[in-house]
>>> print(open('upload-v6.txt').read())   # compact mmCIF, C-alpha atoms and all ligand atoms
# COMPACT_ATOMS: atom_id res chain seq x y z
CA MET W 1 0.00 0.00 0.00
CA ALA W 2 1.60 3.30 -1.10
CA ASN W 3 1.86 5.99 1.60
CA ARG W 4 1.48 9.72 0.91
CA LEU W 5 5.16 10.23 0.07
CA ASP W 6 5.14 7.22 -2.30
CA ARG W 7 2.01 8.60 -4.01
CA LEU W 8 3.75 11.97 -4.51
CA ARG W 9 6.82 10.22 -5.93
CA LEU W 10 4.66 8.11 -8.26
CA GLY W 11 2.93 11.29 -9.48
CA TRP W 12 6.29 12.96 -10.16
CA THR W 13 7.84 9.92 -11.94
CA GLY W 14 4.69 9.50 -14.06
CA TRP W 15 4.84 13.16 -15.14
CA ARG W 16 8.59 12.96 -15.82
CA ASN W 17 8.29 9.75 -17.85
CA ARG W 18 5.45 11.12 -19.99
CA LEU W 19 7.54 14.23 -20.69
CA LEU W 20 10.64 12.19 -21.63
CA ALA W 21 8.56 9.93 -23.86
CA ALA W 22 7.11 12.83 -25.87
CA PRO W 23 9.02 13.14 -29.20
CA GLY W 24 8.30 16.88 -29.31
CA PHE W 25 9.96 17.40 -25.93
CA ARG W 26 13.04 15.40 -26.97
CA ARG W 27 13.41 17.40 -30.21
CA TRP W 28 12.99 20.67 -28.28
CA ALA W 29 15.51 19.65 -25.57
CA ALA W 30 18.10 18.76 -28.23
CA ARG W 31 17.76 22.26 -29.73
CA VAL W 32 17.77 24.38 -26.55
CA ALA W 33 21.37 25.15 -25.58
CA PRO W 34 21.15 24.66 -21.76
CA LEU W 35 19.28 21.35 -22.16
CA ARG W 36 21.40 19.97 -25.01
CA PRO W 37 24.02 18.24 -22.79
CA VAL W 38 21.22 16.56 -20.83
CA ALA W 39 19.51 15.41 -24.05
CA HIS W 40 22.81 14.08 -25.36
CA ARG W 41 23.46 12.25 -22.10
CA TYR W 42 20.07 10.54 -22.26
CA ALA W 43 20.70 9.51 -25.87
CA ARG W 44 24.16 8.21 -24.95
CA ASP W 45 22.75 6.31 -21.94
CA LEU W 46 20.17 4.59 -24.16
CA PHE W 47 22.87 3.74 -26.67
CA ASP W 48 25.04 2.24 -23.90
CA LEU W 49 22.13 0.17 -22.64
CA SER W 50 21.58 -1.37 -26.04
CA ALA W 51 25.30 -1.76 -26.86
CA GLY W 52 26.56 -2.96 -23.45
CA PHE W 53 26.85 -6.59 -24.50
CA ILE W 54 28.99 -5.59 -27.49
CA TYR W 55 31.33 -3.54 -25.27
CA SER W 56 31.73 -6.60 -23.04
CA GLN W 57 32.51 -8.83 -26.00
CA ILE W 58 35.13 -6.38 -27.33
CA THR W 59 36.75 -6.42 -23.89
CA GLN W 60 36.57 -10.20 -23.74
CA ALA W 61 38.14 -10.55 -27.21
CA LEU W 62 40.99 -8.22 -26.21
CA ILE W 63 41.67 -10.26 -23.09
CA GLU W 64 41.25 -13.76 -24.48
CA SER W 65 43.30 -13.08 -27.61
CA GLY W 66 46.20 -11.95 -25.40
CA LEU W 67 46.22 -8.58 -27.18
CA LEU W 68 45.64 -6.58 -24.00
CA ALA W 69 48.64 -8.29 -22.38
CA ALA W 70 50.76 -7.79 -25.52
CA LEU W 71 49.94 -4.06 -25.62
CA ALA W 72 50.73 -3.79 -21.90
CA GLU W 73 54.25 -5.05 -22.72
CA ARG W 74 54.90 -2.63 -25.59
CA PRO W 75 53.14 -0.79 -28.43
CA HIS W 76 52.51 -2.84 -31.60
CA ASP W 77 51.80 -1.99 -35.23
CA GLU W 78 48.82 -3.80 -36.78
CA ALA W 79 50.94 -6.64 -38.18
CA GLY W 80 52.53 -7.25 -34.76
CA ALA W 81 49.16 -6.99 -33.05
CA ALA W 82 47.71 -9.52 -35.51
CA ARG W 83 50.52 -11.98 -34.69
CA ALA W 84 50.12 -11.43 -30.93
CA ALA W 85 46.35 -12.00 -31.10
CA GLY W 86 46.40 -14.87 -33.61
CA LEU W 87 44.03 -12.92 -35.88
CA THR W 88 44.20 -11.74 -39.47
CA PRO W 89 45.33 -8.11 -39.94
CA GLU W 90 41.76 -7.22 -41.00
CA ALA W 91 40.24 -8.81 -37.89
CA VAL W 92 42.75 -7.28 -35.48
CA ARG W 93 42.08 -3.85 -37.04
CA VAL W 94 38.37 -4.25 -36.27
CA LEU W 95 39.20 -5.20 -32.68
CA LEU W 96 41.76 -2.43 -32.11
CA ARG W 97 39.47 0.23 -33.58
CA ALA W 98 36.47 -1.03 -31.62
CA GLY W 99 38.49 -0.83 -28.40
CA GLU W 100 39.60 2.76 -28.94
CA PRO W 101 36.33 4.64 -28.14
CA LEU W 102 36.02 2.42 -25.06
CA ALA W 103 39.47 3.63 -23.92
CA LEU W 104 40.77 0.08 -24.02
CA THR W 105 43.19 0.69 -26.90
CA GLU W 106 44.74 3.87 -28.27
CA ARG W 107 46.39 4.65 -31.59
CA VAL W 108 49.58 6.71 -31.61
CA GLY W 109 50.75 7.21 -35.20
CA ASP W 110 51.14 3.74 -36.74
CA LEU W 111 51.33 2.05 -33.37
CA TRP W 112 48.68 0.79 -30.97
CA THR W 113 49.02 0.95 -27.21
CA LEU W 114 46.65 0.66 -24.22
CA GLY W 115 43.97 3.26 -23.55
CA THR W 116 43.32 4.44 -19.99
CA ARG W 117 40.82 1.65 -19.20
CA GLY W 118 42.99 -0.95 -20.90
CA ALA W 119 45.91 0.16 -18.72
CA ALA W 120 43.80 -0.02 -15.55
CA MET W 121 42.55 -3.46 -16.55
CA SER W 122 45.97 -4.85 -17.35
CA THR W 123 47.19 -4.05 -13.83
CA SER W 124 44.11 -5.57 -12.15
CA PRO W 125 44.34 -9.29 -12.85
CA GLY W 126 41.13 -9.91 -10.91
CA VAL W 127 39.15 -7.78 -13.35
CA ALA W 128 40.54 -9.59 -16.41
CA GLU W 129 39.82 -12.99 -14.83
CA MET W 130 36.30 -11.93 -13.94
CA ILE W 131 35.66 -10.79 -17.51
CA ALA W 132 36.95 -14.10 -18.86
CA HIS W 133 34.69 -15.90 -16.36
CA HIS W 134 31.70 -13.95 -17.71
CA ARG W 135 31.61 -16.32 -20.68
CA LEU W 136 29.58 -18.65 -18.42
CA LEU W 137 27.30 -15.87 -17.22
CA TYR W 138 26.60 -14.72 -20.77
CA ALA W 139 25.71 -18.27 -21.79
CA ASP W 140 23.10 -18.25 -18.99
CA LEU W 141 21.91 -14.78 -19.98
CA ALA W 142 21.49 -15.52 -23.69
CA ASP W 143 17.81 -15.86 -22.76
CA PRO W 144 17.40 -13.68 -19.64
CA LEU W 145 13.74 -14.55 -19.14
CA ALA W 146 14.51 -18.27 -19.22
CA MET W 147 17.21 -17.61 -16.60
CA LEU W 148 14.75 -15.68 -14.39
CA ARG W 149 12.28 -18.56 -14.69
CA GLY W 150 14.97 -20.94 -13.44
CA GLY W 151 15.63 -22.47 -16.87
CA GLY W 152 18.42 -22.06 -19.42
CA PRO W 153 21.78 -23.81 -19.40
CA GLY W 154 22.55 -23.07 -15.73
CA ARG W 155 26.30 -22.89 -16.37
CA LEU W 156 27.01 -20.66 -13.34
CA ALA W 157 24.87 -22.79 -11.05
CA ALA W 158 26.85 -25.85 -12.19
CA LEU W 159 30.17 -24.10 -11.50
CA TRP W 160 29.24 -22.82 -8.03
CA ARG W 161 27.95 -26.04 -6.55
CA TYR W 162 28.43 -25.94 -2.81
CA ASP W 163 26.71 -29.24 -2.05
CA GLY W 164 29.79 -31.45 -2.33
CA THR W 165 28.99 -32.55 -5.89
CA ALA W 166 31.18 -29.96 -7.67
CA GLU W 167 33.71 -31.26 -10.19
CA PRO W 168 37.30 -30.87 -8.89
CA ALA W 169 38.11 -28.74 -11.98
CA ASP W 170 35.19 -26.43 -11.17
CA THR W 171 36.24 -26.13 -7.52
CA ALA W 172 39.78 -25.26 -8.67
CA SER W 173 38.52 -22.76 -11.21
CA TYR W 174 36.11 -20.87 -8.90
CA SER W 175 38.63 -20.88 -6.06
CA ALA W 176 41.34 -19.43 -8.33
CA LEU W 177 38.93 -16.81 -9.66
CA MET W 178 38.01 -15.75 -6.13
CA ALA W 179 41.66 -15.59 -5.06
CA ALA W 180 42.54 -13.44 -8.11
CA SER W 181 39.77 -10.94 -7.41
CA GLN W 182 40.45 -10.89 -3.65
CA PRO W 183 43.09 -8.07 -3.46
CA MET W 184 40.50 -5.39 -4.26
CA VAL W 185 38.22 -6.75 -1.53
CA VAL W 186 40.80 -7.13 1.22
CA GLU W 187 42.01 -3.58 0.50
CA GLN W 188 38.54 -2.32 1.46
CA ALA W 189 38.48 -4.38 4.66
CA LEU W 190 41.95 -3.26 5.76
CA ALA W 191 41.08 0.39 5.08
CA ALA W 192 37.82 0.19 7.01
CA TYR W 193 38.63 -2.01 10.00
CA ASP W 194 41.42 -2.34 12.57
CA PHE W 195 42.17 -6.07 12.70
CA ALA W 196 44.90 -5.49 15.32
CA ARG W 197 42.23 -5.48 18.06
CA HIS W 198 41.85 -9.27 17.56
CA ARG W 199 44.01 -12.33 18.23
CA HIS W 200 42.34 -15.19 16.34
CA MET W 201 40.34 -14.81 13.13
CA LEU W 202 38.11 -17.46 11.54
CA ASP W 203 37.35 -16.81 7.87
CA ILE W 204 34.25 -18.86 7.04
CA GLY W 205 34.05 -19.74 3.34
CA GLY W 206 37.56 -18.32 3.08
CA GLY W 207 38.42 -20.15 -0.16
CA LEU W 208 42.13 -20.49 -0.82
CA GLY W 209 42.85 -18.09 2.04
CA ALA W 210 43.88 -15.01 0.06
CA PHE W 211 41.89 -12.77 2.44
CA ALA W 212 43.28 -14.42 5.60
CA GLU W 213 46.82 -14.27 4.20
CA ALA W 214 46.62 -10.55 3.38
CA VAL W 215 45.07 -9.71 6.76
CA CYS W 216 47.74 -11.74 8.64
CA ARG W 217 50.53 -10.08 6.66
CA ALA W 218 49.11 -6.66 7.56
CA THR W 219 48.44 -7.58 11.22
CA PRO W 220 51.39 -9.03 13.13
CA GLY W 221 50.20 -11.10 16.10
CA LEU W 222 46.95 -12.21 14.43
CA SER W 223 46.47 -15.90 13.64
CA ALA W 224 43.85 -17.16 11.20
CA ALA W 225 41.89 -20.26 10.30
CA VAL W 226 40.09 -20.69 7.00
CA PHE W 227 36.97 -22.86 7.21
CA ASP W 228 35.75 -24.12 3.84
CA LEU W 229 34.37 -27.19 2.11
CA PRO W 230 36.86 -30.11 2.20
CA PRO W 231 38.09 -29.92 -1.44
CA VAL W 232 38.69 -26.16 -1.10
CA ALA W 233 40.25 -26.46 2.38
CA ALA W 234 42.67 -29.11 1.03
CA ARG W 235 43.88 -26.67 -1.63
CA ALA W 236 44.15 -23.88 0.94
CA ALA W 237 46.18 -26.12 3.29
CA ALA W 238 48.64 -26.92 0.49
CA ARG W 239 49.04 -23.19 -0.19
CA PHE W 240 49.56 -22.31 3.48
CA ALA W 241 52.32 -24.92 3.91
CA GLY W 242 54.93 -22.69 2.28
CA LEU W 243 53.81 -19.29 3.56
CA GLY W 244 55.35 -19.26 7.01
CA LEU W 245 52.27 -17.51 8.43
CA PRO W 246 50.08 -18.57 11.38
CA ILE W 247 47.21 -19.72 9.12
CA GLN W 248 45.54 -23.10 9.02
CA ALA W 249 42.76 -24.59 6.90
CA ILE W 250 39.84 -26.39 8.55
CA PRO W 251 37.60 -28.54 6.33
CA GLY W 252 33.87 -28.47 6.95
CA SER W 253 30.50 -27.15 5.91
CA PHE W 254 28.94 -24.24 7.79
CA THR W 255 25.52 -25.76 7.21
CA CYS W 256 26.11 -29.04 9.05
CA ASP W 257 29.51 -29.16 10.80
CA PRO W 258 30.32 -27.48 14.13
CA LEU W 259 32.00 -24.11 13.69
CA PRO W 260 35.48 -24.08 15.21
CA GLY W 261 35.61 -22.16 18.52
CA GLY W 262 38.32 -20.03 20.11
CA HIS W 263 38.14 -17.12 17.67
CA ASP W 264 37.38 -13.53 18.70
CA LEU W 265 36.79 -12.47 15.07
CA ILE W 266 34.77 -14.29 12.41
CA THR W 267 34.64 -13.06 8.83
CA LEU W 268 32.21 -13.77 6.00
CA VAL W 269 33.81 -12.39 2.86
CA ARG W 270 31.64 -12.56 -0.28
CA VAL W 271 29.86 -15.53 1.31
CA ALA W 272 26.54 -14.36 2.77
CA HIS W 273 25.19 -12.95 -0.53
CA ASP W 274 25.72 -16.37 -2.18
CA HIS W 275 23.02 -17.93 0.01
CA ASP W 276 19.29 -17.61 0.48
CA ASP W 277 17.80 -15.97 3.56
CA ALA W 278 17.11 -19.12 5.60
CA PRO W 279 20.67 -20.55 5.45
CA VAL W 280 22.15 -17.10 6.16
CA ALA W 281 19.86 -16.60 9.18
CA ALA W 282 20.89 -20.06 10.46
CA LEU W 283 24.58 -19.29 9.87
CA LEU W 284 24.36 -15.99 11.78
CA THR W 285 22.79 -17.80 14.72
CA ARG W 286 25.60 -20.39 14.71
CA ILE W 287 28.26 -17.69 14.45
CA HIS W 288 26.67 -15.88 17.41
CA ALA W 289 26.97 -19.10 19.42
CA ALA W 290 30.59 -19.68 18.32
CA LEU W 291 31.83 -16.19 19.27
CA PRO W 292 32.82 -15.22 22.84
CA PRO W 293 30.98 -12.30 24.47
CA GLY W 294 32.30 -9.11 22.84
CA GLY W 295 33.46 -11.10 19.80
CA THR W 296 33.01 -9.64 16.33
CA LEU W 297 31.59 -10.78 13.03
CA LEU W 298 32.54 -8.90 9.85
CA ILE W 299 30.45 -9.20 6.71
CA VAL W 300 32.53 -8.01 3.76
CA GLU W 301 30.77 -7.86 0.40
CA PRO W 302 29.18 -5.38 -2.03
CA LEU W 303 25.87 -4.19 -0.58
CA ALA W 304 22.66 -3.44 -2.44
CA ASP W 305 22.05 0.02 -1.03
CA VAL W 306 25.31 1.90 -0.46
CA ARG W 307 24.73 5.40 -1.80
CA SER W 308 28.37 6.08 -2.65
CA ALA W 309 28.66 2.91 -4.79
CA PRO W 310 27.54 3.02 -8.42
CA ARG W 311 24.04 1.56 -8.16
CA VAL W 312 24.62 -0.56 -11.26
CA GLY W 313 26.63 -2.84 -8.95
CA ALA W 314 23.29 -4.02 -7.56
CA SER W 315 22.01 -4.72 -11.10
CA TYR W 316 25.11 -6.78 -11.83
CA PHE W 317 25.10 -8.80 -8.61
CA GLY W 318 21.33 -9.24 -8.72
CA PHE W 319 21.53 -10.94 -12.10
CA TYR W 320 24.76 -12.79 -11.31
CA LEU W 321 23.26 -14.36 -8.19
CA ALA W 322 19.96 -15.08 -9.97
CA ALA W 323 21.95 -16.96 -12.63
CA MET W 324 23.76 -18.78 -9.81
CA ARG W 325 20.29 -19.73 -8.51
CA SER W 326 21.25 -18.99 -4.94
CA GLY W 327 21.49 -15.90 -2.76
CA ARG W 328 20.84 -12.23 -3.51
CA PRO W 329 22.50 -8.87 -2.86
CA ARG W 330 21.27 -7.52 0.49
CA SER W 331 21.16 -4.05 1.92
CA PHE W 332 22.80 -2.99 5.17
CA ALA W 333 19.33 -2.68 6.72
CA GLU W 334 18.54 -6.29 5.79
CA TYR W 335 21.77 -7.60 7.33
CA ARG W 336 21.19 -5.45 10.43
CA ALA W 337 17.74 -6.99 10.91
CA MET W 338 19.11 -10.52 10.37
CA ALA W 339 22.03 -9.97 12.78
CA ARG W 340 19.72 -8.59 15.47
CA ALA W 341 17.37 -11.54 15.02
CA ALA W 342 20.39 -13.84 15.55
CA GLY W 343 21.04 -12.13 18.90
CA PHE W 344 23.88 -9.71 18.05
CA ALA W 345 24.05 -6.52 20.12
CA SER W 346 25.39 -3.95 17.67
CA VAL W 347 25.58 -3.66 13.88
CA ARG W 348 27.45 -0.85 12.13
CA LEU W 349 28.32 -0.04 8.54
CA ARG W 350 31.91 1.09 7.94
CA PRO W 351 32.58 3.16 4.83
CA THR W 352 35.17 1.72 2.45
CA PRO W 353 37.13 3.54 -0.29
CA LEU W 354 35.52 1.43 -3.05
CA PRO W 355 32.06 0.15 -2.00
CA LEU W 356 31.56 -1.32 -5.48
CA ALA W 357 34.19 -3.92 -4.47
CA ALA W 358 32.98 -4.34 -0.88
CA SER W 359 31.49 -2.67 2.16
CA VAL W 360 32.23 -3.76 5.71
CA ILE W 361 29.55 -4.46 8.33
CA VAL W 362 30.86 -4.73 11.89
CA ILE W 363 28.61 -6.89 14.06
CA ARG W 364 29.35 -7.29 17.77
CA ARG W 365 28.06 -10.03 20.00
C1 LIG G 401 32.22 -16.63 -3.43
S1 LIG G 401 33.38 -17.67 -2.66
C2 LIG G 401 34.27 -16.51 -1.61
C3 LIG G 401 35.63 -16.98 -1.23
C4 LIG G 401 36.42 -15.99 -0.39
N1 LIG G 401 35.76 -15.68 0.86
C5 LIG G 401 36.70 -14.74 -1.18
O1 LIG G 401 36.07 -13.70 -0.96
O2 LIG G 401 37.57 -14.81 -2.06
C6 LIG G 401 32.40 -18.55 -1.49
C7 LIG G 401 33.19 -19.56 -0.68
O3 LIG G 401 32.29 -20.17 0.26
C8 LIG G 401 32.59 -21.55 0.32
N2 LIG G 401 31.40 -22.26 0.80
C9 LIG G 401 30.21 -22.39 0.18
N3 LIG G 401 29.37 -23.15 0.90
C10 LIG G 401 30.04 -23.48 2.01
C11 LIG G 401 29.70 -24.25 3.16
N4 LIG G 401 28.49 -24.81 3.28
N5 LIG G 401 30.63 -24.39 4.13
C12 LIG G 401 31.85 -23.82 4.02
N6 LIG G 401 32.24 -23.07 2.96
C13 LIG G 401 31.33 -22.91 1.96
C14 LIG G 401 32.96 -21.90 -1.12
O4 LIG G 401 33.67 -23.12 -1.23
C15 LIG G 401 33.78 -20.68 -1.53
O5 LIG G 401 35.14 -20.85 -1.21
>>> encode(input="upload-v6.txt", output="structure tokens", more="lines below")
Ligand SMILES: C[S@@+](CC[C@H](N)C(=O)[O-])C[C@H]1O[C@@H](n2cnc3c(N)ncnc32)[C@H](O)[C@@H]1O
Amino acid sequence: MANRLDRLRLGWTGWRNRLLAAPGFRRWAARVAPLRPVAHRYARDLFDLSAGFIYSQITQALIESGLLAALAERPHDEAGAARAAGLTPEAVRVLLRAGEPLALTERVGDLWTLGTRGAAMSTSPGVAEMIAHHRLLYADLADPLAMLRGGGPGRLAALWRYDGTAEPADTASYSALMAASQPMVVEQALAAYDFARHRHMLDIGGGLGAFAEAVCRATPGLSAAVFDLPPVAARAAARFAGLGLPIQAIPGSFTCDPLPGGHDLITLVRVAHDHDDAPVAALLTRIHAALPPGGTLLIVEPLADVRSAPRVGASYFGFYLAAMRSGRPRSFAEYRAMARAAGFASVRLRPTPLPLAASVIVIRR
């Protein structure tokens, strides 16, 4: 039932949308000098919406052909670029030229080098790996309505199987992908939270332990345990063996195995949003029981409602998780309500430098 404020907002959006839909208004706005930039922006936004898939495919072709990496090493002429990408000179020209307006490539005389976005991408391996991984997501999204109805190929759902039936190759591939994209996430957590106030951290669903490793390196005196499904924990344990850090891997499932005790800090990093409400509520209750009085739970993940984050992040994660057929992006208010229902005393949102990568919720028992 809409309240008075909602009714006012509906009236305003209805009026605005009718105005924007009127061809006469659009023609007039494009001619009137002060409104022209706004009219152009709307036209550009509509163009981007319809062309977004093509931009993604140009990016994917640059990454998968190895051309982005080759241009990061040194500028190439078209013949050199064609050899580096394994494409004909005609095809590589199409790709290089398509990348230029997207700031992925840039022509300087007869040579091609990276554009500003290409340069940023080539130094962020997590981004490149994520884009390569999107091949699966796009297969699921070829028919978005079928995906929303729970049909379609279900490639992402098959990759992210957390029920013990995942193929070893899939477990290896998703764990590696998570580890590669972890630096951007842990940077947010370290900027937003002082881990030095704790002695023992338990990272539930910690994957290969990239988060725990980075936090331990930045926090002398902190020890960490990574609790994850047995095939993932085995890989994490093998990685930890050579690190010389106080980190161990504990195999188990947070849905049915006891959570290890003795930790004053528990972290859920990009884990809670993967799961539906009932398992998350149950997990929060179990974490509350596993923590000592005054102990802390951190939820680190991109949130649905952080004003300073580009809101398109919520569109992306909403569809990603729908294709995964599990979980959903949640707002801070939703996590606060769930944490309070699980018995936690205080729930606070800490600002991070890049909320698109992750926000930090500090929850005290
Ligand atoms: C999206 S990944 C995040 C990994 C890591 N926290 C990160 O941010 O890079 C989710 C992790 O949760 C683990 N996981 C899923 N279900 C689990 C369960 N029932 N018990 C323990 N770990 C689980 C997965 O194996 C995977 O490593």
>>> residues_around(input="upload-v6.txt", residues="W:Leu243", least_positions_apart="4", cutoff="9 Å", atoms="all atoms listed in the file", output="VMD selection string")
chain W and resid 213 239 247
>>> residues_near_ligand(input="upload-v6.txt", ligand="ligand LIG 401 (chain G)", cutoff="9 Å", atoms="only C-alpha atoms and all ligand atoms", output="PyMOL selection string")
chain W and resi 160-164+171+174-183+185-186+203-212+227-233+251-257+267-275+300-301
>>> atom_distance(input="upload-v6.txt", atom1="atom CA of W:Leu102", atom2="atom CA of W:Ala139")
23.3 Å
>>> residues_around(input="upload-v6.txt", residues="stretch 82-87 of chain W", least_positions_apart="2", cutoff="10 Å", atoms="only C-alpha atoms", output="MDAnalysis selection string")
chainID W and resid 61:71 76:80 89:93 95:96
>>> atom_distance(input="upload-v6.txt", atom1="atom CA of W:Gly115", atom2="atom CA of W:Pro101")
9.0 Å
>>> closest_residue(input="upload-v6.txt", among="W:Arg235, W:Leu141, W:Ala224, W:Thr113", to="W:Ala172", atoms="all atoms listed in the file")
W:Arg235
>>> residues_around(input="upload-v6.txt", residues="stretch 347-359 of chain W", least_positions_apart="6", cutoff="12 Å", atoms="only C-alpha atoms", output="PyMOL selection string")
chain W and resi 126-127+181-194+268-271+273+296-317+329-341+365
>>> atom_distance(input="upload-v6.txt", atom1="atom CA of W:Ala234", atom2="atom CA of W:His198")
25.8 Å
>>> closest_residue(input="upload-v6.txt", among="W:Leu111, W:Leu321, W:Ala342, W:Ala39", to="W:Gly150", atoms="only C-alpha atoms")
W:Leu321
>>> residues_around(input="upload-v6.txt", residues="stretch 285-291 of chain W", least_positions_apart="2", cutoff="8 Å", atoms="all atoms listed in the file", output="list in words")
Leu259, Pro260, Gly261, Gly262, His263, Asp264, Leu265, Ile266, Ala281, Ala282, Leu283, Pro293, Gly294, Gly295, Thr296, Leu297, Ala342, Gly343, Phe344 and Arg365 of chain W
>>> axis_aligned_box(input="upload-v6.txt", around="stretch 188-191 of chain W", padding_each_side="6 Å", output="AutoDock Vina command-line options")
--center_x 40.2 --center_y -2.0 --center_z 3.6 --size_x 15.5 --size_y 16.8 --size_z 16.3
>>> decode(input="upload-v6.txt", residues="stretch 328-345 of chain W", atoms="N, CA and C atoms", output="short mmCIF file (atom, residue, chain, number, x, y, z; two decimals), in the first residue's frame")
data_model
loop_
_atom_site.label_atom_id
_atom_site.label_comp_id
_atom_site.auth_asym_id
_atom_site.auth_seq_id
_atom_site.Cartn_x
_atom_site.Cartn_y
_atom_site.Cartn_z
N ARG W 328 21.27 -13.51 -2.93
CA ARG W 328 20.84 -12.23 -3.51
C ARG W 328 21.66 -11.13 -2.85
N PRO W 329 21.84 -9.98 -3.54
CA PRO W 329 22.50 -8.87 -2.86
C PRO W 329 21.58 -8.32 -1.80
N ARG W 330 22.12 -8.05 -0.59
CA ARG W 330 21.27 -7.52 0.49
C ARG W 330 21.74 -6.12 0.87
N SER W 331 20.83 -5.39 1.46
CA SER W 331 21.16 -4.05 1.92
C SER W 331 21.71 -4.14 3.34
N PHE W 332 22.33 -3.04 3.78
CA PHE W 332 22.80 -2.99 5.17
C PHE W 332 21.63 -3.20 6.12
N ALA W 333 20.49 -2.57 5.82
CA ALA W 333 19.33 -2.68 6.72
C ALA W 333 18.88 -4.14 6.85
N GLU W 334 18.96 -4.88 5.74
CA GLU W 334 18.54 -6.29 5.79
C GLU W 334 19.50 -7.10 6.67
N TYR W 335 20.82 -6.87 6.49
CA TYR W 335 21.77 -7.60 7.33
C TYR W 335 21.62 -7.19 8.80
N ARG W 336 21.35 -5.90 9.03
CA ARG W 336 21.19 -5.45 10.43
C ARG W 336 20.02 -6.19 11.08
N ALA W 337 18.92 -6.30 10.35
CA ALA W 337 17.74 -6.99 10.91
C ALA W 337 18.08 -8.47 11.14
N MET W 338 18.79 -9.09 10.21
CA MET W 338 19.11 -10.52 10.37
C MET W 338 20.07 -10.73 11.55
N ALA W 339 21.06 -9.82 11.70
CA ALA W 339 22.03 -9.97 12.78
C ALA W 339 21.35 -9.77 14.13
N ARG W 340 20.44 -8.81 14.19
CA ARG W 340 19.72 -8.59 15.47
C ARG W 340 18.86 -9.79 15.80
N ALA W 341 18.21 -10.36 14.78
CA ALA W 341 17.37 -11.54 15.02
C ALA W 341 18.22 -12.71 15.51
N ALA W 342 19.51 -12.75 15.11
CA ALA W 342 20.39 -13.84 15.55
C ALA W 342 20.95 -13.57 16.94
N GLY W 343 20.65 -12.39 17.51
CA GLY W 343 21.04 -12.13 18.90
C GLY W 343 22.20 -11.16 19.05
N PHE W 344 22.73 -10.62 17.94
CA PHE W 344 23.88 -9.71 18.05
C PHE W 344 23.45 -8.37 18.64
N ALA W 345 24.41 -7.74 19.37
CA ALA W 345 24.05 -6.52 20.12
C ALA W 345 24.17 -5.27 19.27
#
